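Colleague: To be precise about what I am sending: the file is called entry30.pdb and holds PDB, C-alpha atoms and all ligand atoms.
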```pdb
ATOM      1  CA  MET A   1      14.711   8.258 -11.597  1.00  0.00           C
ATOM      2  CA  ASN A   2      11.342   6.935 -10.468  1.00  0.00           C
ATOM      3  CA  LYS A   3      10.974   7.651  -6.720  1.00  0.00           C
ATOM      4  CA  VAL A   4       8.801   5.617  -4.351  1.00  0.00           C
ATOM      5  CA  LEU A   5       8.412   6.101  -0.597  1.00  0.00           C
ATOM      6  CA  VAL A   6       7.039   3.327   1.606  1.00  0.00           C
ATOM      7  CA  LEU A   7       5.939   5.036   4.830  1.00  0.00           C
ATOM      8  CA  TYR A   8       4.650   2.822   7.614  1.00  0.00           C
ATOM      9  CA  ASP A   9       3.836   2.465  11.282  1.00  0.00           C
ATOM     10  CA  SER A  10       4.275  -0.852  13.059  1.00  0.00           C
ATOM     11  CA  ARG A  11       4.183  -1.681  16.753  1.00  0.00           C
ATOM     12  CA  SER A  12       4.789  -5.425  16.689  1.00  0.00           C
ATOM     13  CA  GLY A  13       6.403  -5.893  13.267  1.00  0.00           C
ATOM     14  CA  ASN A  14       3.569  -7.116  11.034  1.00  0.00           C
ATOM     15  CA  VAL A  15       3.158  -3.962   8.953  1.00  0.00           C
ATOM     16  CA  ALA A  16       6.962  -3.643   8.828  1.00  0.00           C
ATOM     17  CA  LYS A  17       7.040  -7.005   7.019  1.00  0.00           C
ATOM     18  CA  MET A  18       4.332  -5.816   4.632  1.00  0.00           C
ATOM     19  CA  ALA A  19       6.327  -2.624   4.000  1.00  0.00           C
ATOM     20  CA  ALA A  20       9.396  -4.666   3.005  1.00  0.00           C
ATOM     21  CA  LEU A  21       7.282  -6.625   0.502  1.00  0.00           C
ATOM     22  CA  VAL A  22       5.688  -3.467  -0.923  1.00  0.00           C
ATOM     23  CA  ALA A  23       9.199  -2.056  -1.363  1.00  0.00           C
ATOM     24  CA  GLU A  24      10.318  -5.294  -3.044  1.00  0.00           C
ATOM     25  CA  GLY A  25       7.438  -4.950  -5.527  1.00  0.00           C
ATOM     26  CA  ALA A  26       8.261  -1.324  -6.287  1.00  0.00           C
ATOM     27  CA  GLY A  27      11.873  -2.321  -6.843  1.00  0.00           C
ATOM     28  CA  GLN A  28      10.771  -4.700  -9.614  1.00  0.00           C
ATOM     29  CA  VAL A  29      10.204  -1.680 -11.859  1.00  0.00           C
ATOM     30  CA  PRO A  30      13.555  -0.714 -13.451  1.00  0.00           C
ATOM     31  CA  GLU A  31      15.114   2.635 -12.573  1.00  0.00           C
ATOM     32  CA  THR A  32      13.067   2.991  -9.406  1.00  0.00           C
ATOM     33  CA  GLU A  33      14.610   4.251  -6.166  1.00  0.00           C
ATOM     34  CA  VAL A  34      12.703   3.036  -3.114  1.00  0.00           C
ATOM     35  CA  ARG A  35      12.884   4.566   0.349  1.00  0.00           C
ATOM     36  CA  VAL A  36      11.360   2.715   3.316  1.00  0.00           C
ATOM     37  CA  ARG A  37      10.675   4.844   6.394  1.00  0.00           C
ATOM     38  CA  HIS A  38       9.095   4.058   9.758  1.00  0.00           C
ATOM     39  CA  VAL A  39       6.809   6.891  10.780  1.00  0.00           C
ATOM     40  CA  ASP A  40       9.065   7.639  13.774  1.00  0.00           C
ATOM     41  CA  GLU A  41      11.984   8.518  11.476  1.00  0.00           C
ATOM     42  CA  ALA A  42      10.174   9.844   8.393  1.00  0.00           C
ATOM     43  CA  THR A  43      10.333  13.524   7.552  1.00  0.00           C
ATOM     44  CA  ALA A  44       8.128  15.782   5.461  1.00  0.00           C
ATOM     45  CA  GLU A  45      11.028  15.973   2.994  1.00  0.00           C
ATOM     46  CA  ASP A  46      10.736  12.227   2.356  1.00  0.00           C
ATOM     47  CA  VAL A  47       7.165  12.815   1.183  1.00  0.00           C
ATOM     48  CA  VAL A  48       8.134  15.864  -0.870  1.00  0.00           C
ATOM     49  CA  TRP A  49      10.933  13.777  -2.471  1.00  0.00           C
ATOM     50  CA  CYS A  50       8.742  10.939  -3.760  1.00  0.00           C
ATOM     51  CA  ASP A  51       6.668  10.574  -6.918  1.00  0.00           C
ATOM     52  CA  GLY A  52       4.601   7.801  -5.369  1.00  0.00           C
ATOM     53  CA  LEU A  53       3.752   6.930  -1.790  1.00  0.00           C
ATOM     54  CA  ALA A  54       2.562   3.700  -0.147  1.00  0.00           C
ATOM     55  CA  VAL A  55       1.293   4.255   3.404  1.00  0.00           C
ATOM     56  CA  GLY A  56       0.919   1.321   5.788  1.00  0.00           C
ATOM     57  CA  SER A  57      -0.528   1.199   9.271  1.00  0.00           C
ATOM     58  CA  PRO A  58      -1.730  -1.366  11.761  1.00  0.00           C
ATOM     59  CA  THR A  59      -5.514  -1.375  11.963  1.00  0.00           C
ATOM     60  CA  ASN A  60      -6.322   0.362  15.234  1.00  0.00           C
ATOM     61  CA  MET A  61     -10.019   0.478  16.153  1.00  0.00           C
ATOM     62  CA  GLY A  62     -10.747   0.073  12.447  1.00  0.00           C
ATOM     63  CA  ILE A  63      -8.674   3.047  11.327  1.00  0.00           C
ATOM     64  CA  LEU A  64      -5.049   4.143  10.929  1.00  0.00           C
ATOM     65  CA  SER A  65      -2.803   4.334  14.013  1.00  0.00           C
ATOM     66  CA  TRP A  66      -2.563   7.521  16.040  1.00  0.00           C
ATOM     67  CA  LYS A  67       1.112   7.844  15.121  1.00  0.00           C
ATOM     68  CA  MET A  68       0.351   7.783  11.409  1.00  0.00           C
ATOM     69  CA  LYS A  69      -2.488  10.259  11.896  1.00  0.00           C
ATOM     70  CA  ARG A  70      -0.159  12.530  13.900  1.00  0.00           C
ATOM     71  CA  PHE A  71       2.419  12.431  11.101  1.00  0.00           C
ATOM     72  CA  TRP A  72      -0.134  13.932   8.715  1.00  0.00           C
ATOM     73  CA  ASP A  73      -1.640  16.265  11.337  1.00  0.00           C
ATOM     74  CA  GLU A  74       1.670  17.691  12.516  1.00  0.00           C
ATOM     75  CA  THR A  75       4.738  16.699  10.471  1.00  0.00           C
ATOM     76  CA  MET A  76       3.001  17.282   7.139  1.00  0.00           C
ATOM     77  CA  ALA A  77       0.871  20.263   8.144  1.00  0.00           C
ATOM     78  CA  ASP A  78       3.276  22.802   6.621  1.00  0.00           C
ATOM     79  CA  LYS A  79       3.330  20.869   3.338  1.00  0.00           C
ATOM     80  CA  TRP A  80      -0.393  21.101   2.705  1.00  0.00           C
ATOM     81  CA  LEU A  81      -0.901  22.576  -0.810  1.00  0.00           C
ATOM     82  CA  GLU A  82       2.627  21.367  -1.760  1.00  0.00           C
ATOM     83  CA  VAL A  83       2.240  17.639  -2.373  1.00  0.00           C
ATOM     84  CA  ASP A  84      -0.914  17.491  -4.525  1.00  0.00           C
ATOM     85  CA  GLY A  85      -0.855  15.158  -7.512  1.00  0.00           C
ATOM     86  CA  LYS A  86       1.469  12.492  -6.169  1.00  0.00           C
ATOM     87  CA  ILE A  87       0.208   8.939  -6.616  1.00  0.00           C
ATOM     88  CA  ALA A  88      -0.597   6.982  -3.447  1.00  0.00           C
ATOM     89  CA  CYS A  89      -1.975   3.748  -2.025  1.00  0.00           C
ATOM     90  CA  ALA A  90      -2.505   2.033   1.323  1.00  0.00           C
ATOM     91  CA  PHE A  91      -1.856  -1.213   3.196  1.00  0.00           C
ATOM     92  CA  SER A  92      -2.799  -2.490   6.624  1.00  0.00           C
ATOM     93  CA  SER A  93      -2.569  -5.458   8.974  1.00  0.00           C
ATOM     94  CA  ALA A  94      -5.258  -6.245  11.543  1.00  0.00           C
ATOM     95  CA  GLY A  95      -5.581  -8.843  14.278  1.00  0.00           C
ATOM     96  CA  GLY A  96      -7.819 -11.071  12.147  1.00  0.00           C
ATOM     97  CA  TRP A  97      -9.749 -11.229   8.877  1.00  0.00           C
ATOM     98  CA  GLY A  98     -12.785  -8.970   9.229  1.00  0.00           C
ATOM     99  CA  GLY A  99     -11.009  -6.860  11.826  1.00  0.00           C
ATOM    100  CA  GLY A 100     -11.281  -3.711   9.730  1.00  0.00           C
ATOM    101  CA  MET A 101      -8.111  -3.623   7.642  1.00  0.00           C
ATOM    102  CA  GLU A 102      -9.935  -2.373   4.551  1.00  0.00           C
ATOM    103  CA  MET A 103     -11.583   0.373   6.603  1.00  0.00           C
ATOM    104  CA  ALA A 104      -8.116   1.254   7.867  1.00  0.00           C
ATOM    105  CA  CYS A 105      -6.919   1.458   4.252  1.00  0.00           C
ATOM    106  CA  GLN A 106      -9.890   3.694   3.453  1.00  0.00           C
ATOM    107  CA  SER A 107      -9.018   5.964   6.371  1.00  0.00           C
ATOM    108  CA  ILE A 108      -5.439   6.260   5.086  1.00  0.00           C
ATOM    109  CA  LEU A 109      -6.722   7.034   1.580  1.00  0.00           C
ATOM    110  CA  THR A 110      -9.048   9.690   3.023  1.00  0.00           C
ATOM    111  CA  VAL A 111      -6.123  11.450   4.694  1.00  0.00           C
ATOM    112  CA  LEU A 112      -4.080  11.224   1.495  1.00  0.00           C
ATOM    113  CA  MET A 113      -6.950  12.628  -0.583  1.00  0.00           C
ATOM    114  CA  ASN A 114      -7.142  15.531   1.833  1.00  0.00           C
ATOM    115  CA  PHE A 115      -3.544  16.327   0.836  1.00  0.00           C
ATOM    116  CA  GLY A 116      -4.399  16.102  -2.852  1.00  0.00           C
ATOM    117  CA  PHE A 117      -2.863  12.706  -3.590  1.00  0.00           C
ATOM    118  CA  LEU A 118      -4.218  10.621  -6.478  1.00  0.00           C
ATOM    119  CA  VAL A 119      -5.135   7.382  -4.716  1.00  0.00           C
ATOM    120  CA  PHE A 120      -5.748   4.002  -6.323  1.00  0.00           C
ATOM    121  CA  GLY A 121      -6.788   0.404  -5.706  1.00  0.00           C
ATOM    122  CA  VAL A 122      -5.830  -2.728  -7.631  1.00  0.00           C
ATOM    123  CA  THR A 123      -8.167  -5.007  -9.584  1.00  0.00           C
ATOM    124  CA  ASP A 124      -5.752  -7.937  -9.883  1.00  0.00           C
ATOM    125  CA  TYR A 125      -5.954 -11.055  -7.717  1.00  0.00           C
ATOM    126  CA  SER A 126      -2.885 -12.401  -5.937  1.00  0.00           C
ATOM    127  CA  GLY A 127      -4.450 -15.737  -5.022  1.00  0.00           C
ATOM    128  CA  ARG A 128      -7.641 -17.781  -5.321  1.00  0.00           C
ATOM    129  CA  LYS A 129      -9.585 -15.597  -2.904  1.00  0.00           C
ATOM    130  CA  MET A 130      -7.203 -12.702  -2.382  1.00  0.00           C
ATOM    131  CA  THR A 131      -7.194  -9.305  -3.994  1.00  0.00           C
ATOM    132  CA  LEU A 132      -6.307  -5.755  -2.986  1.00  0.00           C
ATOM    133  CA  HIS A 133      -9.078  -3.530  -4.268  1.00  0.00           C
ATOM    134  CA  TYR A 134      -8.608  -0.950  -1.490  1.00  0.00           C
ATOM    135  CA  GLY A 135      -4.959  -1.712  -0.728  1.00  0.00           C
ATOM    136  CA  ALA A 136      -2.995  -4.737   0.465  1.00  0.00           C
ATOM    137  CA  VAL A 137      -4.304  -6.341   3.659  1.00  0.00           C
ATOM    138  CA  ALA A 138      -3.032  -8.979   6.054  1.00  0.00           C
ATOM    139  CA  SER A 139      -4.210 -10.779   9.137  1.00  0.00           C
ATOM    140  CA  LYS A 140      -1.286 -10.371  11.541  1.00  0.00           C
ATOM    141  CA  GLU A 141       1.991 -10.930   9.648  1.00  0.00           C
ATOM    142  CA  PRO A 142       1.895 -11.490   5.867  1.00  0.00           C
ATOM    143  CA  ARG A 143       2.502 -15.237   6.171  1.00  0.00           C
ATOM    144  CA  GLU A 144       0.593 -16.695   3.202  1.00  0.00           C
ATOM    145  CA  GLU A 145       2.164 -16.459  -0.275  1.00  0.00           C
ATOM    146  CA  GLU A 146      -0.943 -14.751  -1.674  1.00  0.00           C
ATOM    147  CA  THR A 147      -0.823 -12.086   1.064  1.00  0.00           C
ATOM    148  CA  GLN A 148       2.858 -11.497   0.384  1.00  0.00           C
ATOM    149  CA  GLU A 149       2.175 -11.281  -3.340  1.00  0.00           C
ATOM    150  CA  ALA A 150      -0.624  -8.750  -2.748  1.00  0.00           C
ATOM    151  CA  CYS A 151       1.937  -6.502  -1.044  1.00  0.00           C
ATOM    152  CA  ARG A 152       4.388  -6.935  -3.935  1.00  0.00           C
ATOM    153  CA  ILE A 153       1.678  -6.198  -6.519  1.00  0.00           C
ATOM    154  CA  LEU A 154       0.730  -3.011  -4.661  1.00  0.00           C
ATOM    155  CA  GLY A 155       4.298  -1.715  -4.659  1.00  0.00           C
ATOM    156  CA  ARG A 156       4.897  -2.725  -8.257  1.00  0.00           C
ATOM    157  CA  ARG A 157       1.658  -1.089  -9.417  1.00  0.00           C
ATOM    158  CA  LEU A 158       2.571   2.132  -7.600  1.00  0.00           C
ATOM    159  CA  ALA A 159       5.964   2.250  -9.306  1.00  0.00           C
ATOM    160  CA  GLU A 160       4.371   1.400 -12.664  1.00  0.00           C
ATOM    161  CA  TRP A 161       1.848   4.238 -12.349  1.00  0.00           C
ATOM    162  CA  THR A 162       4.504   6.763 -11.364  1.00  0.00           C
ATOM    163  CA  ALA A 163       6.798   5.569 -14.174  1.00  0.00           C
ATOM    164  CA  LEU A 164       3.919   6.021 -16.624  1.00  0.00           C
ATOM    165  CA  TYR A 165       2.220   9.177 -15.380  1.00  0.00           C
ATOM    166  CA  VAL A 166       5.134  11.090 -13.852  1.00  0.00           C
ATOM    167  CA  HIS A 167       7.970  10.026 -16.165  1.00  0.00           C
ATOM    168  CA  GLY A 168       6.040   9.206 -19.348  1.00  0.00           C
ATOM    169  CA  ARG A 169       7.418   5.658 -19.525  1.00  0.00           C
ATOM    170  CA  LYS A 170       4.685   4.032 -21.614  1.00  0.00           C
ATOM    171  CA  ASP A 171       6.517   0.693 -21.513  1.00  0.00           C
ATOM    172  CA  GLN A 172       5.567   0.447 -17.821  1.00  0.00           C
ATOM    173  CA  ASN A 173       1.795   0.650 -18.366  1.00  0.00           C
ATOM    174  CA  PRO A 174       0.606  -2.514 -16.540  1.00  0.00           C
ATOM    175  CA  LEU A 175      -2.342  -2.860 -18.932  1.00  0.00           C
ATOM    176  CA  THR A 176      -0.124  -3.250 -21.964  1.00  0.00           C
ATOM    177  CA  LYS A 177       3.300  -4.371 -20.787  1.00  0.00           C
ATOM    178  CA  GLY A 178       2.519  -8.047 -21.153  1.00  0.00           C
ATOM    179  CA  VAL A 179       2.790  -9.216 -17.535  1.00  0.00           C
ATOM    180  CA  LYS A 180      -0.036 -11.650 -16.711  1.00  0.00           C
ATOM    181  CA  ARG A 181      -2.655 -10.066 -14.429  1.00  0.00           C
ATOM    182  CA  LEU A 182      -4.693 -12.617 -12.521  1.00  0.00           C
ATOM    183  CA  CYS A 183      -8.474 -12.640 -12.014  1.00  0.00           C
ATOM    184  CA  PRO A 184     -10.739 -15.029 -10.046  1.00  0.00           C
ATOM    185  CA  GLY A 185     -11.234 -17.414 -13.004  1.00  0.00           C
ATOM    186  CA  ASP A 186      -7.499 -18.119 -13.094  1.00  0.00           C
ATOM    187  CA  PHE A 187      -7.705 -19.885  -9.729  1.00  0.00           C
ATOM    188  CA  VAL A 188     -10.820 -22.024 -10.136  1.00  0.00           C
ATOM    189  CA  GLU A 189      -9.812 -25.693 -10.108  1.00  0.00           C
ATOM    190  CA  ASP A 190     -13.237 -27.131  -9.293  1.00  0.00           C
ATOM    191  CA  LYS A 191     -16.033 -25.551 -11.363  1.00  0.00           C
ATOM    192  CA  THR A 192     -18.567 -26.365  -8.600  1.00  0.00           C
ATOM    193  CA  GLN A 193     -16.675 -23.847  -6.418  1.00  0.00           C
ATOM    194  CA  GLN A 194     -17.182 -21.011  -8.911  1.00  0.00           C
ATOM    195  CA  ALA A 195     -20.298 -19.560  -7.297  1.00  0.00           C
TER     196      ALA A 195
HETATM  197  C1  LIG B 201      -4.587  -0.069  20.009  1.00  0.00           C
HETATM  198  C2  LIG B 201      -4.834  -1.229  19.112  1.00  0.00           C
HETATM  199  C3  LIG B 201      -5.991  -1.296  18.372  1.00  0.00           C
HETATM  200  C4  LIG B 201      -6.240  -2.370  17.533  1.00  0.00           C
HETATM  201  N1  LIG B 201      -7.397  -2.399  16.824  1.00  0.00           N
HETATM  202  C5  LIG B 201      -7.661  -3.456  16.028  1.00  0.00           C
HETATM  203  C6  LIG B 201      -8.870  -3.516  15.281  1.00  0.00           C
HETATM  204  O1  LIG B 201      -9.680  -2.606  15.261  1.00  0.00           O
HETATM  205  N2  LIG B 201      -9.104  -4.632  14.539  1.00  0.00           N
HETATM  206  C7  LIG B 201      -8.222  -5.683  14.514  1.00  0.00           C
HETATM  207  O2  LIG B 201      -8.492  -6.681  13.855  1.00  0.00           O
HETATM  208  N3  LIG B 201      -7.032  -5.625  15.178  1.00  0.00           N
HETATM  209  C8  LIG B 201      -6.742  -4.536  15.919  1.00  0.00           C
HETATM  210  N4  LIG B 201      -5.543  -4.470  16.575  1.00  0.00           N
HETATM  211  C9  LIG B 201      -4.515  -5.492  16.296  1.00  0.00           C
HETATM  212  C10 LIG B 201      -3.470  -5.004  15.275  1.00  0.00           C
HETATM  213  O3  LIG B 201      -4.082  -4.373  14.186  1.00  0.00           O
HETATM  214  C11 LIG B 201      -2.670  -6.200  14.735  1.00  0.00           C
HETATM  215  O4  LIG B 201      -2.070  -6.887  15.786  1.00  0.00           O
HETATM  216  C12 LIG B 201      -1.641  -5.779  13.691  1.00  0.00           C
HETATM  217  O5  LIG B 201      -1.160  -6.932  13.015  1.00  0.00           O
HETATM  218  C13 LIG B 201      -0.472  -5.063  14.347  1.00  0.00           C
HETATM  219  O6  LIG B 201       0.443  -4.647  13.369  1.00  0.00           O
HETATM  220  P1  LIG B 201       1.955  -4.314  13.763  1.00  0.00           P
HETATM  221  O7  LIG B 201       2.588  -5.634  14.182  1.00  0.00           O
HETATM  222  O8  LIG B 201       2.579  -3.778  12.537  1.00  0.00           O
HETATM  223  O9  LIG B 201       1.924  -3.335  14.887  1.00  0.00           O
HETATM  224  C14 LIG B 201      -5.295  -3.405  17.426  1.00  0.00           C
HETATM  225  C15 LIG B 201      -4.096  -3.316  18.140  1.00  0.00           C
HETATM  226  C16 LIG B 201      -3.863  -2.254  18.968  1.00  0.00           C
HETATM  227  C17 LIG B 201      -2.571  -2.180  19.729  1.00  0.00           C
END
```
Starting from the file, lay out its structure as structure tokens.
Ligand SMILES: Cc1cc2nc3c(=O)[nH]c(=O)nc-3n(C[C@H](O)[C@H](O)[C@H](O)COP(=O)(O)O)c2cc1C

Modeller:
Amino acid sequence: MNKVLVLYDSRSGNVAKMAALVAEGAGQVPETEVRVRHVDEATAEDVVWCDGLAVGSPTNMGILSWKMKRFWDETMADKWLEVDGKIACAFSSAGGWGGGMEMACQSILTVLMNFGFLVFGVTDYSGRKMTLHYGAVASKEPREEETQEACRILGRRLAEWTALYVHGRKDQNPLTKGVKRLCPGDFVEDKTQQA
């Protein structure tokens, strides 16, 4: 069974909504078991259990929340050298566009790299001007369809990579499985807007 953990922190519910969408996306890959854990209830064993991990945090001063940082500093400290090679990605909500959500994703990815995770971004677009190159991002709650879809794509891509690289399921390779992957040109209605 393909195993995905969605680990998140959320103070006012926005990242929790993103986490549910990331989990929904992961669940679109057959034979995938998805666990969703708030950082307050997550254990080191949840991380050990998974093949792939999506970590979400509110953007706090441009980086991950102190609770999420503490989880890796303290809860996971004994597991250092034991979780290398798992596949991982990030997502974050900030107070507004430009508020640092991609930097927060980068800070999450930095922590994960420190533990030996194989981290990734996504080249696909989820809307006319929305992609998730460093992880899925939202301004406040994921209200717009393209923001919601970015979260789903992230979770689905994570489960596809773990299916392929951990379980050898070549049929789940997103580059060859025949599911349309969107790029900016797919959304251009008015050619004068292309630049
Ligand atoms: C301590 C603190 C720091 C924050 N720092 C930022 C920030 O650097 N940039 C930003 O745009 N929003 C910032 N915010 C706003 C949150 O990132 C935003 O409200 C987010 O959607 C909260 O997610 P949550 O509902 O999952 O807790 C901050 C909020 C708090 C409480």

Colleague: Which of these, A:Thr162, A:Gln148, A:Ser139, A:Gln106, has the shortest distance to ligand LIG 201 (chain B) once you count all atoms listed in the file?

Modeller: A:Ser139

Colleague: Pick out the residues no farther than 10 Å from ligand LIG 201 (chain B), counting all atoms listed in the file, and list them as a PyMOL selection string.

Modeller: chain A and resi 8-19+56-66+92-101+103-104+137-142

Colleague: I need the output of the PyMOL selection byres (((chain A and resi 174) around 12) and not hetatm) for this file as a PyMOL selection string; which residues are they?

Modeller: chain A and resi 29+122-124+153-154+156-165+169-173+175-181

Colleague: When you count only C-alpha atoms, which of these residues is closest to Val4 (chain A): A:Glu31, A:Glu45, A:Glu24, A:Asp51?

Modeller: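 Comparing A:Glu31, A:Glu45, A:Glu24, A:Asp51 against Val4 (chain A), the winner is A:Asp51.
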
Colleague: Give me the box for region 8-23 of chain A as AutoDock Vina command-line options, namely the centre and edge lengths in Å to one decimal of a box along x, y and z that holds every listed atom plus 4 Å on each side.

Modeller:
```
--center_x 6.3 --center_y -2.1 --center_z 7.7 --size_x 14.2 --size_y 17.9 --size_z 26.1
```

Colleague: Translate the PyMOL selection byres (((chain A and resi 85) around 6) and not hetatm), as applied to the file shown, into an explicit residue set as a list in words.

Modeller: Asp84, Lys86, Gly116, Phe117 and Leu118 of chain A

Colleague: So which one's closest to Lys67 (chain A), A:Ala136, A:Trp49, A:Glu146, A:Val39? Using all atoms listed in the file, please.

Modeller: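 The closest residue to Lys67 (chain A) is A:Val39.
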
Colleague: Nearest to Leu109 (chain A): which of A:Trp80, A:Lys69, A:Val34, A:Ala44 is it, counting only C-alpha atoms?

Modeller: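 Of A:Trp80, A:Lys69, A:Val34, A:Ala44, the one nearest Leu109 (chain A) is A:Lys69, counting only C-alpha atoms.
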
Colleague: Interatomic distance between CA of Pro30 (chain A) and CA of Met113 (chain A)?

Modeller: 27.6 Å

Colleague: So, with all atoms listed in the file as the atoms that count, which of A:Gly155, A:Gly135, A:Gly127, A:His167 lies closest to Asp186 (chain A)?

Modeller: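 Result for the nearest residue to Asp186 (chain A): A:Gly127.
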
Colleague: To one decimal in Å, tell me the separation between CA of Thr43 (chain A) and CA of Ala150 (chain A).

Modeller: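 CA of Thr43 (chain A) sits 26.9 Å away from CA of Ala150 (chain A).
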
Colleague: Please determine, counting only C-alpha atoms, which residue among A:Val47, A:Leu112, A:Glu41, A:Leu21 has the shortest atom-to-atom distance to Glu145 (chain A).

Modeller: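 Checking each of A:Val47, A:Leu112, A:Glu41, A:Leu21 against Glu145 (chain A), counting only C-alpha atoms, the winner is A:Leu21.
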